[in-house]
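Next comes structure_12.txt, with compact mmCIF, C-alpha atoms.
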```txt
# COMPACT_ATOMS: atom_id res chain seq x y z
CA MET P 60 -24.26 66.25 8.63
CA SER P 61 -21.57 67.25 6.14
CA GLU P 62 -21.30 65.89 2.58
CA GLU P 63 -18.20 63.82 3.43
CA GLN P 64 -19.83 62.22 6.44
CA LYS P 65 -22.82 61.33 4.26
CA HIS P 66 -20.52 59.62 1.78
CA SER P 67 -18.81 57.55 4.37
CA VAL P 68 -22.20 56.52 5.68
CA ILE P 69 -23.11 55.11 2.25
CA GLN P 70 -19.76 53.37 1.92
CA GLU P 71 -19.90 51.89 5.40
CA SER P 72 -23.50 50.84 5.06
CA VAL P 73 -22.95 49.09 1.71
CA LEU P 74 -19.76 47.33 2.85
CA GLU P 75 -21.35 46.27 6.13
CA ASN P 76 -24.35 44.82 4.30
CA ILE P 77 -22.01 42.92 1.98
CA LYS P 78 -19.88 41.56 4.81
CA LYS P 79 -22.94 40.49 6.81
CA HIS P 80 -24.19 38.70 3.67
CA ARG P 81 -27.33 40.81 3.46
CA ILE P 82 -26.23 41.64 -0.09
CA SER P 83 -24.58 39.09 -2.33
CA MET P 84 -23.32 39.35 -5.87
CA ARG P 85 -24.95 37.29 -8.58
CA SER P 86 -22.67 34.62 -9.98
CA ARG P 87 -21.02 34.78 -13.39
CA LYS P 88 -23.06 31.67 -14.26
CA TYR P 89 -26.29 33.63 -13.71
CA PHE P 90 -25.29 36.27 -16.26
CA PHE P 91 -24.00 33.66 -18.68
CA LEU P 92 -27.32 31.83 -18.50
CA GLN P 93 -29.24 35.09 -18.84
CA THR P 94 -27.25 36.02 -21.98
CA ALA P 95 -27.59 32.51 -23.42
CA LEU P 96 -31.38 32.57 -22.90
CA PHE P 97 -31.57 35.99 -24.47
CA VAL P 98 -29.60 34.87 -27.52
CA VAL P 99 -31.80 31.76 -27.86
CA GLY P 100 -34.86 34.03 -27.69
CA LEU P 101 -33.33 36.30 -30.31
CA VAL P 102 -32.67 33.36 -32.64
CA ILE P 103 -36.23 32.01 -32.15
CA VAL P 104 -37.81 35.40 -32.91
CA PHE P 105 -35.57 35.85 -35.96
CA ALA P 106 -36.35 32.33 -37.23
CA ALA P 107 -40.09 32.90 -36.71
CA LEU P 108 -39.81 36.17 -38.60
CA LEU P 109 -37.98 34.53 -41.52
CA TYR P 110 -40.49 31.68 -41.56
CA LEU P 111 -43.46 34.06 -41.67
CA ALA P 112 -41.94 36.34 -44.33
CA SER P 113 -40.95 33.40 -46.54
CA PHE P 114 -44.35 31.78 -46.01
CA ILE P 115 -46.11 34.95 -47.15
CA ALA P 116 -43.87 35.10 -50.27
CA PHE P 117 -44.44 31.38 -50.90
CA GLY P 118 -48.21 31.73 -50.49
CA LEU P 119 -48.38 34.69 -52.86
CA MET P 120 -46.38 32.85 -55.51
CA GLU P 121 -48.18 29.54 -55.03
CA SER P 122 -51.62 31.11 -55.32
CA GLY P 123 -50.53 33.30 -58.25
CA VAL P 124 -51.44 36.52 -56.40
CA TRP P 125 -47.79 37.63 -56.69
CA PHE P 126 -48.28 38.02 -60.47
CA VAL P 127 -51.62 39.86 -60.63
CA PRO P 128 -50.16 43.41 -60.45
CA PHE P 129 -49.03 42.71 -64.06
CA PHE P 130 -52.65 43.26 -65.06
CA GLY P 131 -52.89 46.94 -64.19
CA MET P 132 -55.05 48.74 -61.63
CA ARG P 133 -57.55 45.90 -61.32
CA GLY P 134 -54.61 43.57 -60.68
CA TRP P 135 -53.20 45.81 -57.96
CA PHE P 136 -56.64 46.04 -56.33
CA VAL P 137 -56.95 42.24 -56.22
CA PHE P 138 -53.33 41.97 -55.03
CA PHE P 139 -53.94 44.18 -51.98
CA ARG P 140 -57.28 42.56 -51.27
CA SER P 141 -55.69 39.11 -51.38
CA LEU P 142 -52.68 39.84 -49.15
CA PRO P 143 -52.62 37.70 -45.96
CA TRP P 144 -53.05 40.65 -43.60
CA ILE P 145 -53.16 38.54 -40.42
CA LEU P 146 -49.76 37.03 -41.27
CA ILE P 147 -48.40 40.46 -42.22
CA LEU P 148 -49.58 41.86 -38.87
CA LEU P 149 -47.99 38.91 -37.07
CA THR P 150 -44.73 39.52 -38.99
CA LEU P 151 -44.76 43.19 -37.97
CA ILE P 152 -45.28 42.23 -34.32
CA PHE P 153 -42.29 39.84 -34.48
CA ALA P 154 -40.21 42.53 -36.21
CA LEU P 155 -41.09 44.94 -33.38
CA ILE P 156 -40.12 42.34 -30.75
CA LEU P 157 -36.80 41.78 -32.55
CA GLU P 158 -36.21 45.55 -32.70
CA ILE P 159 -36.83 45.87 -28.94
CA MET P 160 -34.47 42.94 -28.31
CA VAL P 161 -31.58 44.27 -30.43
CA ARG P 162 -32.04 47.77 -28.96
CA ARG P 163 -30.01 46.71 -25.91
CA TYR P 164 -26.89 46.43 -28.09
CA SER P 165 -24.79 49.51 -28.85
CA PHE P 166 -24.74 48.88 -32.62
CA SER P 167 -28.51 49.43 -32.49
CA TYR P 168 -29.23 52.07 -29.82
CA ARG P 169 -26.45 54.41 -30.98
CA ARG P 170 -28.30 54.87 -34.28
CA PRO P 171 -31.83 56.17 -34.94
CA LEU P 172 -34.56 53.57 -34.60
CA LEU P 173 -35.45 54.04 -38.27
CA TYR P 174 -32.06 52.64 -39.36
CA SER P 175 -32.25 49.47 -37.29
CA MET P 176 -35.91 48.97 -38.25
CA LEU P 177 -35.03 49.35 -41.95
CA GLY P 178 -32.12 46.94 -41.44
CA ILE P 179 -34.45 44.34 -39.92
CA VAL P 180 -37.02 44.83 -42.70
CA ALA P 181 -34.31 44.48 -45.39
CA ILE P 182 -32.85 41.31 -43.82
CA VAL P 183 -36.32 39.80 -43.39
CA LEU P 184 -37.41 40.64 -46.95
CA ILE P 185 -34.24 39.30 -48.57
CA GLY P 186 -34.02 36.29 -46.22
CA GLY P 187 -37.72 35.57 -46.59
CA PHE P 188 -37.50 35.69 -50.38
CA LEU P 189 -34.46 33.38 -50.43
CA VAL P 190 -36.11 30.86 -48.09
CA SER P 191 -39.31 30.93 -50.17
CA ARG P 192 -37.25 30.09 -53.29
CA ALA P 193 -35.44 27.21 -51.55
CA ARG P 194 -38.48 24.86 -51.83
CA PHE P 195 -38.61 24.68 -48.01
CA HIS P 196 -42.33 25.47 -47.83
CA GLN P 197 -43.07 23.45 -50.97
CA GLN P 198 -41.66 20.36 -49.28
CA ILE P 199 -43.55 20.94 -46.02
CA TRP P 200 -46.78 21.48 -47.93
CA GLN P 201 -46.26 18.39 -50.08
CA TYR P 202 -45.40 16.31 -47.01
CA GLY P 203 -48.51 17.62 -45.21
CA ARG P 204 -50.70 16.70 -48.18
CA ALA P 205 -49.09 13.30 -48.79
CA HIS P 206 -49.29 12.21 -45.15
CA GLN P 207 -52.63 13.90 -44.50
CA VAL P 208 -51.21 15.92 -41.62
CA PRO P 209 -54.28 18.00 -40.78
CA MET P 210 -52.50 20.94 -39.12
CA VAL P 211 -49.86 21.41 -41.79
CA GLY P 212 -52.18 20.76 -44.75
CA GLY P 213 -54.91 22.99 -43.36
CA PHE P 214 -52.55 25.83 -42.50
CA TYR P 215 -50.80 25.78 -45.86
CA ARG P 216 -54.09 25.48 -47.75
CA ARG P 217 -55.72 28.31 -45.82
CA PHE P 218 -52.85 30.76 -45.77
CA GLY P 219 -50.35 29.44 -48.31
CA ALA P 220 -52.42 28.76 -51.38
CA PRO P 221 -55.99 29.82 -50.83
CA ASN P 222 -58.44 29.53 -53.68
CA MET P 223 -59.05 33.06 -54.93
CA ARG P 224 -62.15 33.85 -56.89
CA GLU P 225 -60.26 35.83 -59.52
CA VAL P 226 -56.78 34.28 -59.47
CA HIS P 227 -56.20 30.74 -60.72
CA LYS P 228 -52.94 28.89 -61.12
CA GLY P 229 -52.40 25.69 -63.05
CA VAL P 230 -50.48 23.74 -65.66
CA ILE P 231 -51.68 23.74 -69.28
CA ARG P 232 -52.73 20.26 -70.38
CA GLU P 233 -54.40 20.90 -73.79
CA VAL P 234 -54.28 23.87 -76.12
CA ALA P 235 -56.98 24.89 -78.64
CA PRO P 236 -57.63 28.18 -80.50
CA PHE P 237 -58.51 30.88 -77.93
CA GLN P 238 -58.80 28.37 -75.12
CA PHE P 239 -56.81 25.83 -73.15
CA LEU P 240 -57.32 23.32 -70.37
CA ILE P 241 -55.45 23.77 -67.11
CA GLU P 242 -54.91 21.42 -64.20
CA GLY P 243 -54.98 23.07 -60.76
CA PRO P 244 -52.83 22.15 -57.70
CA GLU P 245 -55.50 19.71 -56.43
CA GLY P 246 -55.75 17.96 -59.82
CA GLU P 247 -58.99 19.70 -60.84
CA THR P 248 -59.27 20.84 -64.47
CA SER P 249 -60.71 24.10 -65.83
CA THR P 250 -61.19 25.52 -69.30
CA VAL P 251 -59.66 28.93 -69.86
CA ILE P 252 -61.17 31.11 -72.57
CA PHE P 253 -59.33 34.14 -73.85
CA THR P 254 -59.79 36.70 -76.59
CA ALA P 255 -57.49 38.97 -78.59
CA ARG P 256 -58.03 41.62 -75.90
CA THR P 257 -56.79 39.39 -73.08
CA ARG P 258 -53.53 40.67 -71.62
CA VAL P 259 -50.83 38.03 -71.95
CA PHE P 260 -47.44 38.26 -70.22
CA PRO P 261 -44.95 37.58 -71.63
CA PHE P 262 -46.44 37.72 -75.11
CA ARG P 263 -45.33 34.86 -77.37
CA GLU P 264 -45.92 34.61 -81.10
CA ASN P 265 -46.48 30.87 -80.93
CA GLY P 266 -48.97 31.21 -78.05
CA PHE P 267 -49.20 28.68 -75.24
CA SER P 268 -47.87 25.18 -75.04
CA ALA P 269 -48.78 22.19 -72.93
CA SER P 270 -46.95 21.89 -69.57
CA ASP P 271 -46.56 25.68 -69.22
CA THR P 272 -47.51 26.94 -65.76
CA VAL P 273 -49.86 29.89 -65.97
CA VAL P 274 -51.63 32.28 -63.66
CA ILE P 275 -55.06 33.25 -64.95
CA PHE P 276 -56.67 36.47 -63.81
CA GLY P 277 -60.40 36.40 -64.47
CA ASP P 278 -63.84 35.32 -63.25
CA ARG P 279 -64.75 31.67 -62.94
CA GLU P 280 -68.14 30.24 -63.75
CA GLY P 281 -68.22 26.58 -62.86
CA ARG P 282 -65.24 25.02 -64.63
CA VAL P 283 -64.83 27.83 -67.14
CA ILE P 284 -62.58 30.85 -66.56
CA GLN P 285 -62.98 33.97 -68.68
CA ALA P 286 -59.41 35.27 -68.75
CA PHE P 287 -58.85 39.01 -68.31
CA GLY P 288 -55.11 38.41 -68.16
CA ILE P 289 -52.71 35.47 -68.39
CA LYS P 290 -49.22 35.33 -66.95
CA ASN P 291 -47.07 32.54 -68.30
CA ILE P 292 -44.51 31.61 -65.63
CA GLY P 293 -42.80 28.90 -67.63
CA GLN P 294 -42.49 25.18 -67.22
CA MET N 119 -3.77 51.54 -4.91
CA SER N 120 -4.95 54.91 -6.24
CA LEU N 121 -2.95 54.34 -9.46
CA GLU N 122 -5.05 51.34 -10.27
CA THR N 123 -7.74 51.75 -12.88
CA ASP N 124 -11.42 51.31 -12.04
CA GLU N 125 -11.46 48.23 -14.23
CA GLU N 126 -8.57 46.62 -12.34
CA ILE N 127 -10.32 47.27 -9.04
CA ALA N 128 -13.61 45.92 -10.42
CA LYS N 129 -11.76 42.76 -11.43
CA ARG N 130 -10.56 42.32 -7.84
CA VAL N 131 -14.13 42.81 -6.58
CA GLN N 132 -15.28 40.13 -9.02
CA GLY N 133 -12.64 37.88 -7.46
CA GLY N 134 -14.19 38.38 -4.01
CA ASP N 135 -12.25 41.37 -2.62
CA VAL N 136 -15.08 43.23 -0.87
CA ASP N 137 -12.89 46.07 0.46
CA SER N 138 -11.91 47.01 -3.09
CA PHE N 139 -15.55 47.80 -3.72
CA GLY N 140 -15.15 50.49 -1.07
CA VAL N 141 -12.51 52.12 -3.29
CA LEU N 142 -14.98 52.21 -6.19
CA ILE N 143 -17.61 53.77 -3.91
CA GLU N 144 -15.09 56.41 -2.84
CA ARG N 145 -14.28 57.22 -6.45
CA TYR N 146 -17.85 57.45 -7.67
CA GLU N 147 -19.99 58.45 -4.69
CA GLU N 148 -19.67 62.19 -5.15
CA LYS N 149 -20.14 61.98 -8.93
CA ILE N 150 -23.25 59.80 -8.71
CA ALA N 151 -24.68 61.95 -5.90
CA ARG N 152 -24.15 65.12 -7.98
CA TYR N 153 -25.73 63.44 -11.01
CA ALA N 154 -28.69 62.44 -8.83
CA ARG N 155 -29.14 65.90 -7.27
CA LYS N 156 -28.93 67.72 -10.59
CA PHE N 157 -31.08 65.29 -12.55
CA LEU N 158 -33.72 64.46 -9.93
CA MET N 159 -33.80 68.01 -8.55
CA ARG N 160 -34.50 66.83 -5.03
CA GLY N 161 -32.36 66.40 -2.00
CA GLU N 162 -34.34 64.46 0.56
CA ASP N 163 -33.95 60.88 -0.69
CA VAL N 164 -30.84 61.21 -2.89
CA LYS N 165 -28.72 59.37 -0.32
CA ASP N 166 -31.00 56.31 -0.43
CA ILE N 167 -31.05 56.31 -4.22
CA VAL N 168 -27.25 56.60 -4.46
CA GLN N 169 -26.87 53.78 -1.94
CA GLU N 170 -29.22 51.67 -4.07
CA VAL N 171 -27.02 52.38 -7.13
CA PHE N 172 -23.96 50.96 -5.37
CA ILE N 173 -25.90 47.95 -4.07
CA LYS N 174 -27.10 47.20 -7.63
CA ALA N 175 -23.53 47.69 -8.92
CA TYR N 176 -22.20 45.16 -6.40
CA VAL N 177 -24.97 42.61 -7.03
CA ASN N 178 -24.37 42.80 -10.80
CA ILE N 179 -20.59 43.31 -10.83
CA GLN N 180 -20.01 39.91 -12.46
CA SER N 181 -21.84 41.16 -15.56
CA PHE N 182 -19.26 43.94 -15.97
CA ASP N 183 -16.77 43.24 -18.75
CA THR N 184 -13.43 44.46 -17.37
CA ARG N 185 -12.16 45.08 -20.92
CA GLN N 186 -14.74 47.91 -21.13
CA ARG N 187 -14.75 51.16 -19.15
CA PHE N 188 -16.28 51.05 -15.68
CA SER N 189 -17.59 54.62 -15.67
CA PRO N 190 -20.37 54.28 -18.34
CA TRP N 191 -21.39 50.97 -16.72
CA ILE N 192 -22.04 52.46 -13.27
CA TYR N 193 -23.60 55.60 -14.76
CA ARG N 194 -25.98 53.34 -16.70
CA ILE N 195 -27.04 51.67 -13.42
CA ALA N 196 -27.50 55.12 -11.89
CA HIS N 197 -29.57 56.28 -14.88
CA ASN N 198 -31.91 53.28 -14.55
CA GLU N 199 -32.24 53.82 -10.82
CA PHE N 200 -33.05 57.52 -11.27
CA ILE N 201 -35.64 56.79 -13.96
CA ASN N 202 -37.29 54.29 -11.61
CA ALA N 203 -37.27 56.89 -8.84
CA ILE N 204 -38.96 59.46 -11.12
CA LYS N 205 -41.52 56.89 -12.30
CA LYS N 206 -42.38 56.03 -8.69
CA LYS N 207 -42.87 59.67 -7.81
CA GLU N 208 -44.60 60.92 -10.93
CA ARG N 209 -46.69 57.82 -11.76
CA GLY N 210 -47.55 57.41 -15.41
CA PRO N 211 -45.43 57.44 -18.56
CA LEU N 212 -42.21 59.36 -18.09
CA PHE N 213 -41.04 60.09 -21.62
CA PHE N 214 -43.65 60.45 -24.28
CA PHE N 215 -43.20 59.38 -27.90
CA ASP N 216 -40.06 61.10 -29.15
CA LEU N 217 -39.40 61.42 -32.88
CA ASP N 218 -35.76 62.30 -32.11
CA THR N 219 -34.98 58.68 -31.34
CA ILE N 220 -36.67 57.41 -34.51
CA LEU N 221 -35.55 59.75 -37.27
CA PRO N 222 -31.96 60.66 -38.19
CA GLN N 223 -30.79 64.01 -36.78
CA PRO N 224 -27.77 66.14 -37.64
CA VAL N 225 -24.95 65.69 -35.09
CA SER N 226 -23.33 68.96 -34.09
CA SER N 227 -19.62 69.09 -33.36
CA GLU N 228 -18.56 68.32 -29.80
CA THR N 229 -15.51 70.54 -29.98
CA ALA N 230 -17.59 73.64 -30.64
CA ASP N 231 -17.74 74.66 -26.96
CA SER N 232 -14.84 76.74 -25.67
CA GLU N 233 -13.89 76.49 -21.99
CA ALA N 234 -15.37 79.91 -21.29
CA TYR N 235 -18.64 78.94 -22.96
CA HIS N 236 -18.64 75.63 -21.06
CA ASN N 237 -18.27 77.46 -17.75
CA GLU N 238 -20.90 80.00 -18.71
CA MET N 239 -23.35 77.21 -19.54
CA LYS N 240 -22.61 75.59 -16.19
CA ARG N 241 -23.35 78.86 -14.42
CA ILE N 242 -26.67 79.19 -16.28
CA LEU N 243 -27.47 75.57 -15.50
CA ASP N 244 -26.90 76.18 -11.78
CA THR N 245 -29.65 78.76 -11.74
CA SER N 246 -32.12 77.43 -14.32
CA LEU N 247 -31.75 73.65 -14.45
CA GLU N 248 -34.92 72.97 -12.47
CA LYS N 249 -36.98 74.84 -15.04
CA LEU N 250 -36.06 72.31 -17.72
CA GLY N 251 -37.91 69.02 -18.26
CA SER N 252 -36.08 65.79 -17.36
CA LEU N 253 -35.84 64.92 -21.08
CA TYR N 254 -33.33 67.76 -21.62
CA ARG N 255 -31.98 68.05 -18.08
CA GLU N 256 -30.28 64.68 -18.01
CA PRO N 257 -28.05 65.03 -21.11
CA LEU N 258 -27.11 68.56 -20.02
CA VAL N 259 -26.11 67.32 -16.56
CA LEU N 260 -24.06 64.49 -18.02
CA TYR N 261 -22.37 66.76 -20.53
CA TYR N 262 -21.63 69.84 -18.41
CA TYR N 263 -21.27 68.43 -14.88
CA GLU N 264 -20.08 64.90 -15.49
CA ASP N 265 -17.95 65.78 -18.57
CA LYS N 266 -19.31 62.89 -20.61
CA ASP N 267 -19.03 63.00 -24.39
CA TYR N 268 -21.89 62.22 -26.79
CA LYS N 269 -20.94 58.56 -27.14
CA GLU N 270 -20.77 58.06 -23.37
CA ILE N 271 -24.13 59.80 -22.88
CA SER N 272 -25.54 57.58 -25.64
CA ASP N 273 -24.27 54.50 -23.78
CA ILE N 274 -25.63 55.70 -20.43
CA MET N 275 -29.08 56.68 -21.70
CA HIS N 276 -29.27 54.08 -24.51
CA LEU N 277 -30.14 56.79 -27.00
CA PRO N 278 -28.87 57.43 -30.54
CA ILE N 279 -25.83 59.75 -30.59
CA ALA N 280 -27.77 62.12 -32.88
CA THR N 281 -30.60 62.30 -30.30
CA VAL N 282 -28.11 63.18 -27.56
CA SER N 283 -26.78 65.94 -29.78
CA SER N 284 -30.23 67.33 -30.62
CA ARG N 285 -31.43 67.21 -26.98
CA LEU N 286 -28.30 69.06 -25.86
CA ARG N 287 -28.81 71.65 -28.58
CA ARG N 288 -32.47 72.16 -27.69
CA GLY N 289 -31.76 72.13 -23.96
CA LYS N 290 -29.17 74.89 -24.42
CA MET N 291 -31.59 76.91 -26.52
CA MET N 292 -34.27 76.59 -23.84
CA LEU N 293 -31.82 77.67 -21.17
CA LYS N 294 -30.75 80.71 -23.17
CA LYS N 295 -34.39 81.63 -23.69
CA LEU N 296 -35.03 81.33 -19.95
CA VAL N 297 -32.05 83.58 -19.21
CA GLU N 298 -33.27 86.15 -21.76
CA GLU N 299 -36.76 86.14 -20.23
CA ASN N 300 -35.36 86.65 -16.73
CA LYS N 301 -33.20 89.61 -17.74
```
Can the structure from this file be put into structure tokens for me?
Amino acid sequence: MSEEQKHSVIQESVLENIKKHRISMRSRKYFFLQTALFVVGLVIVFAALLYLASFIAFGLMESGVWFVPFFGMRGWFVFFRSLPWILILLTLIFALILEIMVRRYSFSYRRPLLYSMLGIVAIVLIGGFLVSRARFHQQIWQYGRAHQVPMVGGFYRRFGAPNMREVHKGVIREVAPFQFLIEGPEGETSTVIFTARTRVFPFRENGFSASDTVVIFGDREGRVIQAFGIKNIGQ
Amino acid sequence: MSLETDEEIAKRVQGGDVDSFGVLIERYEEKIARYARKFLMRGEDVKDIVQEVFIKAYVNIQSFDTRQRFSPWIYRIAHNEFINAIKKKERGPLFFFDLDTILPQPVSSETADSEAYHNEMKRILDTSLEKLGSLYREPLVLYYYEDKDYKEISDIMHLPIATVSSRLRRGKMMLKKLVEENK
């Protein structure tokens, strides 16, 4: 059979199958729905990614872990040990899903994977930081605590502001020489003892004042914290 | 009718003109069959695979945006069909982890090839194409036989333009090495 005859066989066969309704084209509606579902999926994955990234940032700030690298090598060690690795892993999985999803668009596949991955990471980091600063998580957490919503309260307490052994955040209530009293997020009070060797950021000549929010880095024994470092994060 | 663009004909097919689809088959059958033969390096079931490409094209024709070019769209369908055919035959992962698609690569100029060089490469390809892996064979086939540029190959294979460029460069180097060894 010659090449040309073969071609006509394909043409005839395809057209015959179409005309006998053995093959039918999918409707425009089908593709519209497919695209719409895909876009909805894309938005959901992106929103989940932003939520997770902002929640991690919120949790780190709320627990005070965000500030411990100020205290040198020991601070960095505690910082890495305290990172919510499960949430970070989950965020990476969502970022990978988003990367796979956007890879079908020419603006993504025409460029090396590294570029689009870096783009996603940059958007998520900036977006996550902005959302974490917008009091979005603060409000959910407060609502969860006020209305005793077990899921929300439990989730935010476990992942958002866990009690670290070496990192303590609170508001100064009373100040005395080389010690002050802080009130933690749950209303509990602790005495913080510091010495001239304690690292204080930012250093102030007039020391600490009541109603300052501080992050204390140091070991706790009962209700007393021996401060290795103090980060004053203002009122 | 022959003065009509592929996109205009595709629009008529979308409107229900089945016979116009025959015109598109006429225009692309030989090209797709050549692409299949050169890329898949087998002759026995090429006809079935090419037929499947046109069936898929008809079934999905409503997803074609007639403001875009028809050629990369149907070549993309063909590419997917050929990859499926290779997967069925070879069983197991087809393309292993490729750093070329992840990291940025230098893009060499497309105008570097003279016509004489282009023809020479085609002649070498005719004799040595089967000795190349499918990773390098496909972009070479699209570039030298189907006259696609880097951007079109990128759209057909869904690869970064820089990866297309580096695979073509490496494929050509491999071919030259094969020719040298056979001298």
For stretch 248-261 of chain P, list every protein, DNA or RNA residue within 6 Å, evaluated using only C-alpha atoms, and leave out those in the same chain fewer than 2 positions away; present the list as a VMD selection string.
chain P and resid 237 to 242 282 to 290
With C-alpha atoms retained, write the just-selected residues as a compact mmCIF listing (two decimals), keeping the file's coordinate frame.
```txt
# COMPACT_ATOMS: atom_id res chain seq x y z
CA PHE P 237 -58.51 30.88 -77.93
CA GLN P 238 -58.80 28.37 -75.12
CA PHE P 239 -56.81 25.83 -73.15
CA LEU P 240 -57.32 23.32 -70.37
CA ILE P 241 -55.45 23.77 -67.11
CA GLU P 242 -54.91 21.42 -64.20
CA ARG P 282 -65.24 25.02 -64.63
CA VAL P 283 -64.83 27.83 -67.14
CA ILE P 284 -62.58 30.85 -66.56
CA GLN P 285 -62.98 33.97 -68.68
CA ALA P 286 -59.41 35.27 -68.75
CA PHE P 287 -58.85 39.01 -68.31
CA GLY P 288 -55.11 38.41 -68.16
CA ILE P 289 -52.71 35.47 -68.39
CA LYS P 290 -49.22 35.33 -66.95
```
Residues of chain N were defined as contacting chain P if any atom lay at most 8 Å from it, counting all atoms listed in the file; please report them as a ChimeraX atom specification.
/N:136-137,139-140,143-144,147-148,165,169,172-173,176-181,218-222,269,272-273,276-281
Which residue gives the smallest distance to N:Arg187 among N:Val225, N:Glu125, N:Ala175, N:Val164, with all atoms listed in the file counted?
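The answer is N:Glu125, which sits nearest to N:Arg187.
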Padding 4 Å on each side, edges along x, y and z: where is the centre of the box around the listed atoms of stretch 239-254 of chain N, and how long are its edges in Å to one decimal? Output it as JSON.
```
{"center_x": -30.3, "center_y": 72.1, "center_z": -16.7, "size_x": 23.3, "size_y": 22.3, "size_z": 17.9}
```
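With only C-alpha atoms as the atoms that count, the minimum distance from N:Glu256 to the choices N:Lys129, N:Val282, N:Lys207, N:Arg145 is reached by N:Val282.
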List as a PyMOL selection string the protein and nucleic acid residues near P:Met223, meaning an atom at most 9 Å away when only C-alpha atoms are counted, but skip any in the same chain fewer than 6 places from it.
chain P and resi 122+124+141
Point-to-point distance from atom CA of P:Leu142 to atom CA of P:Val274, Å rounded to tenths
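For atom CA of P:Leu142 relative to atom CA of P:Val274, the distance reads 16.4 Å.
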Which residues, written as a list in words, have at least one atom at most 8 Å from P:Tyr110, with only C-alpha atoms counted and residues fewer than 3 positions away on the same chain left out?
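Counting only C-alpha atoms, the residues come to Ala106, Ala107, Ser113, Phe114, Gly187 and Val190 of chain P.
Interatomic distance, atom CA of P:Phe276 against atom CA of P:Gly134: 8.0 Å.
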Quick one, how far is atom CA of P:Asn291 from atom CA of P:Tyr202?
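One can read the atom CA of P:Asn291 to atom CA of P:Tyr202 distance as 26.8 Å.
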Counting all atoms listed in the file, what is within 9 Å of N:Tyr263, bar same-chain residues fewer than 5 positions away, as a ChimeraX atom specification?
/N:149,152-153,156,240,258
Using C-alpha atoms, can you write the selected residues to a file as a PDB file, in the frame of the given file?
```pdb
ATOM      1  CA  LYS N 149     -20.140  61.980  -8.930  1.00  0.00           C
ATOM      2  CA  ARG N 152     -24.150  65.120  -7.980  1.00  0.00           C
ATOM      3  CA  TYR N 153     -25.730  63.440 -11.010  1.00  0.00           C
ATOM      4  CA  LYS N 156     -28.930  67.720 -10.590  1.00  0.00           C
ATOM      5  CA  LYS N 240     -22.610  75.590 -16.190  1.00  0.00           C
ATOM      6  CA  LEU N 258     -27.110  68.560 -20.020  1.00  0.00           C
TER       7      LEU N 258
END
```
Counting all atoms listed in the file, which of P:Leu189, P:Ile103, P:Ala154, P:Val137 gets nearest to P:Phe117?
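Among the listed residues, P:Leu189 lies closest to P:Phe117.
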Min atom-atom distance to N:Gln132 from the set N:Glu238, N:Glu170, N:Asp183, N:Asp163, counting all atoms listed in the file, belongs to N:Asp183
List every protein, DNA or RNA residue that has at least one atom no more than 9 Å from (-21.3, 70.4, -18.3) in the file's coordinates, counting all atoms listed in the file, and write the result as a PyMOL selection string.
chain N and resi 236-237+239-240+243+258-266
Using all atoms listed in the file, pick whichever of N:Glu233, N:Asp124, N:Asp216, N:Glu298 has the shortest atom-to-atom distance to N:Trp191.
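Of all the options, N:Asp124 lies closest to N:Trp191.
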Using all atoms listed in the file, which of N:Ile242, N:Ile192, N:Leu121, N:Ile204 sits nearest N:Val297?
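Once distances to N:Val297 are computed over all atoms listed in the file, the minimum belongs to N:Ile242.
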Can you tell me, as a short mmCIF file (atom, residue, chain, number, x, y, z; two decimals) with C-alpha atoms, in the coordinates of the input, what residues are no more than 7 Å from P:Leu157 when counting all atoms listed in the file, ignoring any on the same chain fewer than 2 positions away?
```cif
data_model
loop_
_atom_site.label_atom_id
_atom_site.label_comp_id
_atom_site.auth_asym_id
_atom_site.auth_seq_id
_atom_site.Cartn_x
_atom_site.Cartn_y
_atom_site.Cartn_z
CA LEU P 101 -33.33 36.30 -30.31
CA VAL P 104 -37.81 35.40 -32.91
CA PHE P 105 -35.57 35.85 -35.96
CA PHE P 153 -42.29 39.84 -34.48
CA ALA P 154 -40.21 42.53 -36.21
CA LEU P 155 -41.09 44.94 -33.38
CA ILE P 159 -36.83 45.87 -28.94
CA MET P 160 -34.47 42.94 -28.31
CA VAL P 161 -31.58 44.27 -30.43
#
```
